[in-house]
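What follows is entry_22.pdb (PDB, C-alpha atoms).
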ATOM      1  CA  MET A   1     118.598  80.416  87.033
ATOM      2  CA  THR A   2     120.092  83.287  89.004
ATOM      3  CA  GLY A   3     117.898  85.789  87.201
ATOM      4  CA  ALA A   4     114.757  83.781  87.912
ATOM      5  CA  LEU A   5     115.665  83.528  91.595
ATOM      6  CA  LEU A   6     116.298  87.274  91.753
ATOM      7  CA  CYS A   7     112.904  88.008  90.160
ATOM      8  CA  LEU A   8     111.233  85.685  92.656
ATOM      9  CA  LEU A   9     112.933  87.389  95.581
ATOM     10  CA  LEU A  10     111.997  90.845  94.315
ATOM     11  CA  ALA A  11     108.390  89.818  93.757
ATOM     12  CA  SER A  12     108.336  88.557  97.362
ATOM     13  CA  TRP A  13     109.754  91.798  98.790
ATOM     14  CA  ARG A  14     107.341  94.308 100.334
ATOM     15  CA  PRO A  15     108.610  97.468  98.568
ATOM     16  CA  VAL A  16     108.203  95.809  95.167
ATOM     17  CA  ALA A  17     104.865  94.170  95.991
ATOM     18  CA  ASP A  18     103.444  97.441  97.316
ATOM     19  CA  ALA A  19     104.793  99.375  94.337
ATOM     20  CA  VAL A  20     102.921  97.216  91.814
ATOM     21  CA  LEU A  21      99.742  96.759  93.876
ATOM     22  CA  ALA A  22      99.239 100.299  95.234
ATOM     23  CA  PRO A  23      98.394 101.964  91.869
ATOM     24  CA  LEU A  24      95.471  99.564  91.457
ATOM     25  CA  GLU A  25      94.272 100.069  95.020
ATOM     26  CA  ASN A  26      94.559 103.864  94.746
ATOM     27  CA  TRP A  27      92.737 104.023  91.395
ATOM     28  CA  HIS A  28      89.406 104.732  93.109
ATOM     29  CA  PRO A  29      89.200 106.481  96.497
ATOM     30  CA  PRO A  30      87.445 104.684  99.351
ATOM     31  CA  LEU A  31      83.856 105.573 100.130
ATOM     32  CA  VAL A  32      84.511 106.509 103.742
ATOM     33  CA  ASP A  33      81.368 108.575 104.304
ATOM     34  CA  PRO A  34      78.349 107.553 102.212
ATOM     35  CA  THR A  35      75.872 109.778 104.053
ATOM     36  CA  GLY A  36      75.908 112.375 101.266
ATOM     37  CA  LEU A  37      74.739 109.911  98.621
ATOM     38  CA  ASP A  38      71.159 110.282  97.445
ATOM     39  CA  GLY A  39      68.966 107.875  95.551
ATOM     40  CA  VAL A  40      71.129 104.784  95.920
ATOM     41  CA  ALA A  41      68.999 101.748  95.056
ATOM     42  CA  ALA A  42      71.559  99.001  95.614
ATOM     43  CA  VAL A  43      74.834  98.129  97.269
ATOM     44  CA  VAL A  44      76.386  95.421  95.087
ATOM     45  CA  VAL A  45      78.938  93.083  96.694
ATOM     46  CA  LEU A  46      80.931  91.085  94.157
ATOM     47  CA  GLY A  47      81.676  87.419  94.708
ATOM     48  CA  GLY A  48      84.808  85.928  96.214
ATOM     49  CA  GLY A  49      85.927  82.696  97.764
ATOM     50  CA  TRP A  50      84.331  80.620 100.472
ATOM     51  CA  TRP A  51      84.159  77.067 101.747
ATOM     52  CA  PRO A  52      80.702  76.071 102.989
ATOM     53  CA  ASP A  53      80.740  73.740 105.971
ATOM     54  CA  ALA A  54      77.807  73.455 108.363
ATOM     55  CA  ARG A  55      80.203  72.653 111.226
ATOM     56  CA  TRP A  56      81.618  76.189 111.084
ATOM     57  CA  PRO A  57      79.964  79.556 111.750
ATOM     58  CA  ILE A  58      79.311  81.525 108.580
ATOM     59  CA  SER A  59      82.095  83.949 109.529
ATOM     60  CA  ALA A  60      84.587  81.081 109.232
ATOM     61  CA  GLN A  61      83.240  79.893 105.890
ATOM     62  CA  LEU A  62      83.936  83.119 104.001
ATOM     63  CA  GLU A  63      87.480  83.737 102.818
ATOM     64  CA  GLU A  64      89.179  86.917 104.049
ATOM     65  CA  SER A  65      88.468  89.045 100.987
ATOM     66  CA  SER A  66      84.840  87.888 100.839
ATOM     67  CA  ALA A  67      84.237  88.597 104.528
ATOM     68  CA  ILE A  68      85.700  92.091 104.201
ATOM     69  CA  ARG A  69      83.633  92.831 101.095
ATOM     70  CA  LEU A  70      80.443  91.699 102.821
ATOM     71  CA  PHE A  71      81.289  93.692 105.957
ATOM     72  CA  GLU A  72      81.765  96.831 103.850
ATOM     73  CA  GLY A  73      78.500  96.216 102.023
ATOM     74  CA  VAL A  74      76.572  95.917 105.282
ATOM     75  CA  ARG A  75      78.289  99.032 106.664
ATOM     76  CA  LEU A  76      77.155 101.045 103.664
ATOM     77  CA  LEU A  77      73.672  99.570 103.737
ATOM     78  CA  ARG A  78      73.126 100.824 107.292
ATOM     79  CA  VAL A  79      73.368 104.462 106.148
ATOM     80  CA  LEU A  80      71.553 103.994 102.830
ATOM     81  CA  PRO A  81      68.038 103.113 104.033
ATOM     82  CA  GLU A  82      66.454 102.890 100.580
ATOM     83  CA  ALA A  83      69.084 100.537  99.178
ATOM     84  CA  ARG A  84      69.014  96.778  98.815
ATOM     85  CA  LEU A  85      72.028  94.558  99.342
ATOM     86  CA  VAL A  86      72.816  92.732  96.102
ATOM     87  CA  VAL A  87      75.163  89.769  96.622
ATOM     88  CA  SER A  88      76.582  87.859  93.697
ATOM     89  CA  GLY A  89      78.836  84.996  92.778
ATOM     90  CA  ALA A  90      78.682  81.306  91.863
ATOM     91  CA  SER A  91      81.094  78.405  91.814
ATOM     92  CA  ARG A  92      82.868  77.803  88.516
ATOM     93  CA  GLY A  93      82.876  74.040  88.854
ATOM     94  CA  GLY A  94      79.529  73.627  90.541
ATOM     95  CA  GLU A  95      80.962  71.453  93.302
ATOM     96  CA  VAL A  96      80.759  74.331  95.781
ATOM     97  CA  ALA A  97      77.533  76.195  96.508
ATOM     98  CA  PRO A  98      77.418  79.808  95.250
ATOM     99  CA  VAL A  99      79.193  82.292  97.478
ATOM    100  CA  ALA A 100      76.178  84.587  97.033
ATOM    101  CA  LEU A 101      74.278  82.217  99.319
ATOM    102  CA  GLY A 102      77.026  82.513 101.922
ATOM    103  CA  TYR A 103      76.921  86.282 101.631
ATOM    104  CA  ALA A 104      73.153  86.275 102.154
ATOM    105  CA  GLU A 105      73.424  84.035 105.214
ATOM    106  CA  ALA A 106      76.147  86.213 106.714
ATOM    107  CA  ALA A 107      74.196  89.398 105.986
ATOM    108  CA  ARG A 108      71.132  88.020 107.737
ATOM    109  CA  ALA A 109      73.308  87.028 110.715
ATOM    110  CA  LEU A 110      74.496  90.660 110.835
ATOM    111  CA  GLY A 111      70.922  91.904 111.006
ATOM    112  CA  VAL A 112      70.065  92.675 107.390
ATOM    113  CA  PRO A 113      66.384  91.818 106.787
ATOM    114  CA  ARG A 114      65.797  89.069 104.248
ATOM    115  CA  GLU A 115      63.609  91.372 102.121
ATOM    116  CA  ARG A 116      66.512  93.798 101.626
ATOM    117  CA  ILE A 117      68.781  91.115 100.125
ATOM    118  CA  LEU A 118      68.849  90.227  96.424
ATOM    119  CA  VAL A 119      70.833  87.085  95.594
ATOM    120  CA  LEU A 120      72.446  86.664  92.161
ATOM    121  CA  ASP A 121      73.902  83.171  92.384
ATOM    122  CA  THR A 122      74.685  82.322  88.748
ATOM    123  CA  PRO A 123      77.568  84.622  87.606
ATOM    124  CA  VAL A 124      80.983  82.952  87.679
ATOM    125  CA  ASP A 125      83.095  86.007  86.816
ATOM    126  CA  THR A 126      83.005  89.787  86.950
ATOM    127  CA  ALA A 127      81.658  90.176  83.423
ATOM    128  CA  GLY A 128      78.799  87.842  84.300
ATOM    129  CA  GLU A 129      78.137  89.765  87.504
ATOM    130  CA  ALA A 130      77.863  93.030  85.592
ATOM    131  CA  ASP A 131      75.383  91.437  83.177
ATOM    132  CA  ALA A 132      73.365  89.914  86.025
ATOM    133  CA  VAL A 133      73.150  93.212  87.910
ATOM    134  CA  ARG A 134      72.001  95.045  84.769
ATOM    135  CA  GLU A 135      69.380  92.373  84.105
ATOM    136  CA  ALA A 136      68.124  92.491  87.707
ATOM    137  CA  LEU A 137      68.160  96.257  88.250
ATOM    138  CA  GLY A 138      68.134  97.823  84.789
ATOM    139  CA  ILE A 139      70.431 100.709  83.877
ATOM    140  CA  GLY A 140      68.568 103.482  85.658
ATOM    141  CA  PRO A 141      68.998 102.852  89.411
ATOM    142  CA  ARG A 142      72.007 104.319  91.189
ATOM    143  CA  LEU A 143      74.255 101.664  92.725
ATOM    144  CA  VAL A 144      77.353 101.359  94.892
ATOM    145  CA  LEU A 145      79.871  98.696  93.918
ATOM    146  CA  VAL A 146      81.890  96.867  96.581
ATOM    147  CA  THR A 147      84.916  94.712  95.835
ATOM    148  CA  SER A 148      88.584  94.482  96.765
ATOM    149  CA  ALA A 149      90.509  97.659  96.022
ATOM    150  CA  SER A 150      92.888  95.926  93.608
ATOM    151  CA  HIS A 151      89.954  94.468  91.669
ATOM    152  CA  MET A 152      87.911  97.676  91.535
ATOM    153  CA  PRO A 153      89.434  99.217  88.354
ATOM    154  CA  ARG A 154      88.579  96.125  86.329
ATOM    155  CA  ALA A 155      85.177  95.692  87.961
ATOM    156  CA  VAL A 156      84.154  99.288  87.242
ATOM    157  CA  ARG A 157      85.126  98.916  83.595
ATOM    158  CA  HIS A 158      83.053  95.740  83.278
ATOM    159  CA  PHE A 159      80.026  97.505  84.761
ATOM    160  CA  ARG A 160      80.470 100.568  82.560
ATOM    161  CA  ALA A 161      80.805  98.338  79.516
ATOM    162  CA  VAL A 162      77.231  97.076  80.063
ATOM    163  CA  GLY A 163      75.797 100.564  80.547
ATOM    164  CA  LEU A 164      76.015 100.906  84.339
ATOM    165  CA  ASP A 165      77.861 103.679  86.172
ATOM    166  CA  PRO A 166      78.573 102.398  89.676
ATOM    167  CA  ILE A 167      79.888 104.390  92.609
ATOM    168  CA  PRO A 168      83.097 102.578  93.630
ATOM    169  CA  ALA A 169      83.485 101.514  97.256
ATOM    170  CA  PRO A 170      86.837  99.695  97.310
ATOM    171  CA  THR A 171      87.830  97.727 100.389
ATOM    172  CA  HIS A 172      90.303  95.004 101.459
ATOM    173  CA  ARG A 173      93.412  97.096 100.892
ATOM    174  CA  ARG A 174      96.678  95.170 101.170
ATOM    175  CA  ALA A 175      99.405  97.604 100.083
ATOM    176  CA  GLY A 176     100.899 100.168 102.432
ATOM    177  CA  ARG A 177     100.019  98.316 105.629
ATOM    178  CA  ALA A 178     103.587  98.266 106.969
ATOM    179  CA  ASN A 179     105.712 101.200 108.140
ATOM    180  CA  GLY A 180     109.055  99.507 107.588
ATOM    181  CA  GLU A 181     110.017  99.642 111.254
ATOM    182  CA  ARG A 182     110.008  95.879 111.760
ATOM    183  CA  LEU A 183     112.581  93.491 110.388
ATOM    184  CA  ARG A 184     109.897  91.307 108.856
ATOM    185  CA  ASP A 185     108.756  94.260 106.754
ATOM    186  CA  TRP A 186     111.953  93.842 104.758
ATOM    187  CA  VAL A 187     112.183  90.066 104.561
ATOM    188  CA  PRO A 188     110.779  88.431 101.399
ATOM    189  CA  SER A 189     107.647  86.408 102.144
ATOM    190  CA  THR A 190     104.908  84.422 100.454
ATOM    191  CA  GLU A 191     102.389  87.060 101.562
ATOM    192  CA  GLU A 192     104.196  89.704  99.528
ATOM    193  CA  LEU A 193     104.504  87.294  96.611
ATOM    194  CA  ARG A 194     100.716  86.856  96.641
ATOM    195  CA  LYS A 195     100.301  90.633  96.504
ATOM    196  CA  THR A 196     102.542  90.806  93.435
ATOM    197  CA  GLU A 197     100.622  87.921  91.860
ATOM    198  CA  THR A 198      97.319  89.706  92.489
ATOM    199  CA  ALA A 199      98.626  92.898  90.923
ATOM    200  CA  TRP A 200      99.812  91.256  87.722
ATOM    201  CA  TYR A 201      96.596  89.229  87.467
ATOM    202  CA  GLU A 202      94.592  92.447  87.584
ATOM    203  CA  TYR A 203      96.862  94.275  85.129
ATOM    204  CA  LEU A 204      96.519  91.418  82.654
ATOM    205  CA  GLY A 205      92.769  91.407  83.263
ATOM    206  CA  LEU A 206      92.586  95.102  82.450
ATOM    207  CA  LEU A 207      94.543  94.526  79.267
ATOM    208  CA  ALA A 208      92.234  91.710  78.180
ATOM    209  CA  LEU A 209      89.167  93.771  79.080
ATOM    210  CA  GLY A 210      90.478  96.597  76.915
ATOM    211  CA  TRP A 211      90.428  94.247  73.950
ATOM    212  CA  GLU A 212      86.973  92.951  74.857
ATOM    213  CA  HIS A 213      85.442  96.378  75.526
ATOM    214  CA  PRO A 214      87.606  98.923  73.672
ATOM    215  CA  ARG A 215      85.155 101.766  74.322
ATOM    216  CA  SER A 216      84.799 101.174  78.056
ATOM    217  CA  ARG A 217      86.336 103.824  80.293
TER     218      ARG A 217
END
Could I get this file's structure written as structure tokens?
Amino acid sequence: MTGALLCLLLASWRPVADAVLAPLENWHPPLVDPTGLDGVAAVVVLGGGWWPDARWPISAQLEESSAIRLFEGVRLLRVLPEARLVVSGASRGGEVAPVALGYAEAARALGVPRERILVLDTPVDTAGEADAVREALGIGPRLVLVTSASHMPRAVRHFRAVGLDPIPAPTHRRAGRANGERLRDWVPSTEELRKTETAWYEYLGLLALGWEHPRSR
């Protein structure tokens, strides 16, 4: 019992949470300046969570990670004039409309023309998204991949496993956002516990993907 409580406290402590999450988030560098990229045909934003409700503005319907991913995709699209915005993601249970539709609505609200948006609203996981992007675009076009920084290593491997070679554009970084000068930076919290949970989920996902695609890089 004492050991379990100690593990829980450590997993909820910022230094531990950052230590396990940061290697994933640092795996691929951010795409700060995309102006040097040539021939990019698509900016692909992977699905996340949302809760559609017509009473709320679209900005309130997207979960934090989804909103940040979409924001990054639109930012990149503005300096890649030949690219289309590819938004993906569906609901696993079918009771919630596909997040890809929410992405498309939000992108249009941010000024992206409808004709520059390609909606892939059937994939329910990253493997399915990689397959859907390959089916929609083929393996020739150059593409930029946008997802949360912690998820990017696994996402890139899924895309490479189906013959694509995306340019990573990780966003939604969560580790290293505190300088340790405040007392709350050192107090265990549920926020830090969620970071640790995310990290181990991604590490296990990478391990499972290695079994599924042993030749993927």
Apply the PyMOL selection byres ((chain A and resi 66) around 10) to the displayed file and report the matching residues as a ChimeraX atom specification.
/A:45-50,59,61-65,67-72,99,102-103,147-148,172
If you count all atoms listed in the file, which residues fall within 8 Å of Pro30 (chain A), apart from same-chain ones fewer than 6 positions away, as a ChimeraX atom specification?
/A:168-171
Which of A:Ala97, A:Met1, A:Val74, A:Cys7 sits closest to Pro188 (chain A) [using all atoms listed in the file]:
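Closest residue, counting all atoms listed in the file: A:Cys7.
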Counting only C-alpha atoms, which residues come within 10 Å of (74.0, 85.0, 102.9), with the point read in the file's coordinates, and could you list them as number ranges by chain?
A: 58, 70, 87-88, 98-110, 112, 114, 117-119
Any chance you could export the current selection's C-alpha atoms as a PDB file, in the frame of the given file?
ATOM      1  CA  ILE A  58      79.311  81.525 108.580  1.00  0.00           C
ATOM      2  CA  LEU A  70      80.443  91.699 102.821  1.00  0.00           C
ATOM      3  CA  VAL A  87      75.163  89.769  96.622  1.00  0.00           C
ATOM      4  CA  SER A  88      76.582  87.859  93.697  1.00  0.00           C
ATOM      5  CA  PRO A  98      77.418  79.808  95.250  1.00  0.00           C
ATOM      6  CA  VAL A  99      79.193  82.292  97.478  1.00  0.00           C
ATOM      7  CA  ALA A 100      76.178  84.587  97.033  1.00  0.00           C
ATOM      8  CA  LEU A 101      74.278  82.217  99.319  1.00  0.00           C
ATOM      9  CA  GLY A 102      77.026  82.513 101.922  1.00  0.00           C
ATOM     10  CA  TYR A 103      76.921  86.282 101.631  1.00  0.00           C
ATOM     11  CA  ALA A 104      73.153  86.275 102.154  1.00  0.00           C
ATOM     12  CA  GLU A 105      73.424  84.035 105.214  1.00  0.00           C
ATOM     13  CA  ALA A 106      76.147  86.213 106.714  1.00  0.00           C
ATOM     14  CA  ALA A 107      74.196  89.398 105.986  1.00  0.00           C
ATOM     15  CA  ARG A 108      71.132  88.020 107.737  1.00  0.00           C
ATOM     16  CA  ALA A 109      73.308  87.028 110.715  1.00  0.00           C
ATOM     17  CA  LEU A 110      74.496  90.660 110.835  1.00  0.00           C
ATOM     18  CA  VAL A 112      70.065  92.675 107.390  1.00  0.00           C
ATOM     19  CA  ARG A 114      65.797  89.069 104.248  1.00  0.00           C
ATOM     20  CA  ILE A 117      68.781  91.115 100.125  1.00  0.00           C
ATOM     21  CA  LEU A 118      68.849  90.227  96.424  1.00  0.00           C
ATOM     22  CA  VAL A 119      70.833  87.085  95.594  1.00  0.00           C
TER      23      VAL A 119
END
At a cut-off of 12 Å, using all atoms listed in the file, what residues contact Asp38 (chain A)? Leave out same-chain residues fewer than 6 positions from it and give the result as a list of chain:residue names.
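Near Asp38 (chain A), the qualifying residues are A:Val79, A:Leu80, A:Pro81, A:Glu82, A:Ala83, A:Pro141, A:Arg142, A:Leu143, A:Val144, A:Ile167.
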For the structure shown, which residues end up in the PyMOL selection byres ((chain A and resi 124) around 8)? Put them as a ChimeraX atom specification, please?
/A:89-92,122-123,125-126,128-129
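Residues matched by the PyMOL selection byres ((chain A and resi 12) around 12) in this file: Leu5, Leu6, Cys7, Leu8, Leu9, Leu10, Ala11, Trp13, Arg14, Pro15, Val16, Ala17, Asp18, Ala19, Val20, Arg184, Asp185, Trp186, Val187, Pro188, Ser189, Thr190, Glu191, Glu192, Leu193, Arg194, Lys195, Thr196 and Glu197 of chain A.
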Contacts of Glu25 (chain A) within 7 Å, only C-alpha atoms, excl. fewer than 4 positions in-chain, as a ChimeraX atom specification
/A:21,149-150,173
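Relative to CA of Ile139 (chain A), CA of Trp27 (chain A) is found at 23.8 Å.
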Pairwise distance, CA of Val86 (chain A) with CA of Asp53 (chain A), equals 22.8 Å
Can you pull out the residues contacting Ala155 (chain A)? Cut-off 9 Å, using all atoms listed in the file, and skip same-chain residues under 2 positions away; I want them as an NGL selection string.
:A and (46 or 126-127 or 130 or 145 or 147 or 151-153 or 157-160)
Work out how far CA of Gly140 (chain A) is from CA of Gly163 (chain A), in Å to one decimal.
9.3 Å
When you count all atoms listed in the file, which of these residues is closest to Asp165 (chain A): A:Arg55, A:Arg116, A:Arg78, A:Arg134?
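For Asp165 (chain A), the nearest of the candidates is A:Arg134.
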Between A:Ala136, A:Pro113, A:Leu120, A:Ala22, which has the minimum distance to Thr198 (chain A) (counting all atoms listed in the file)?
A:Ala22
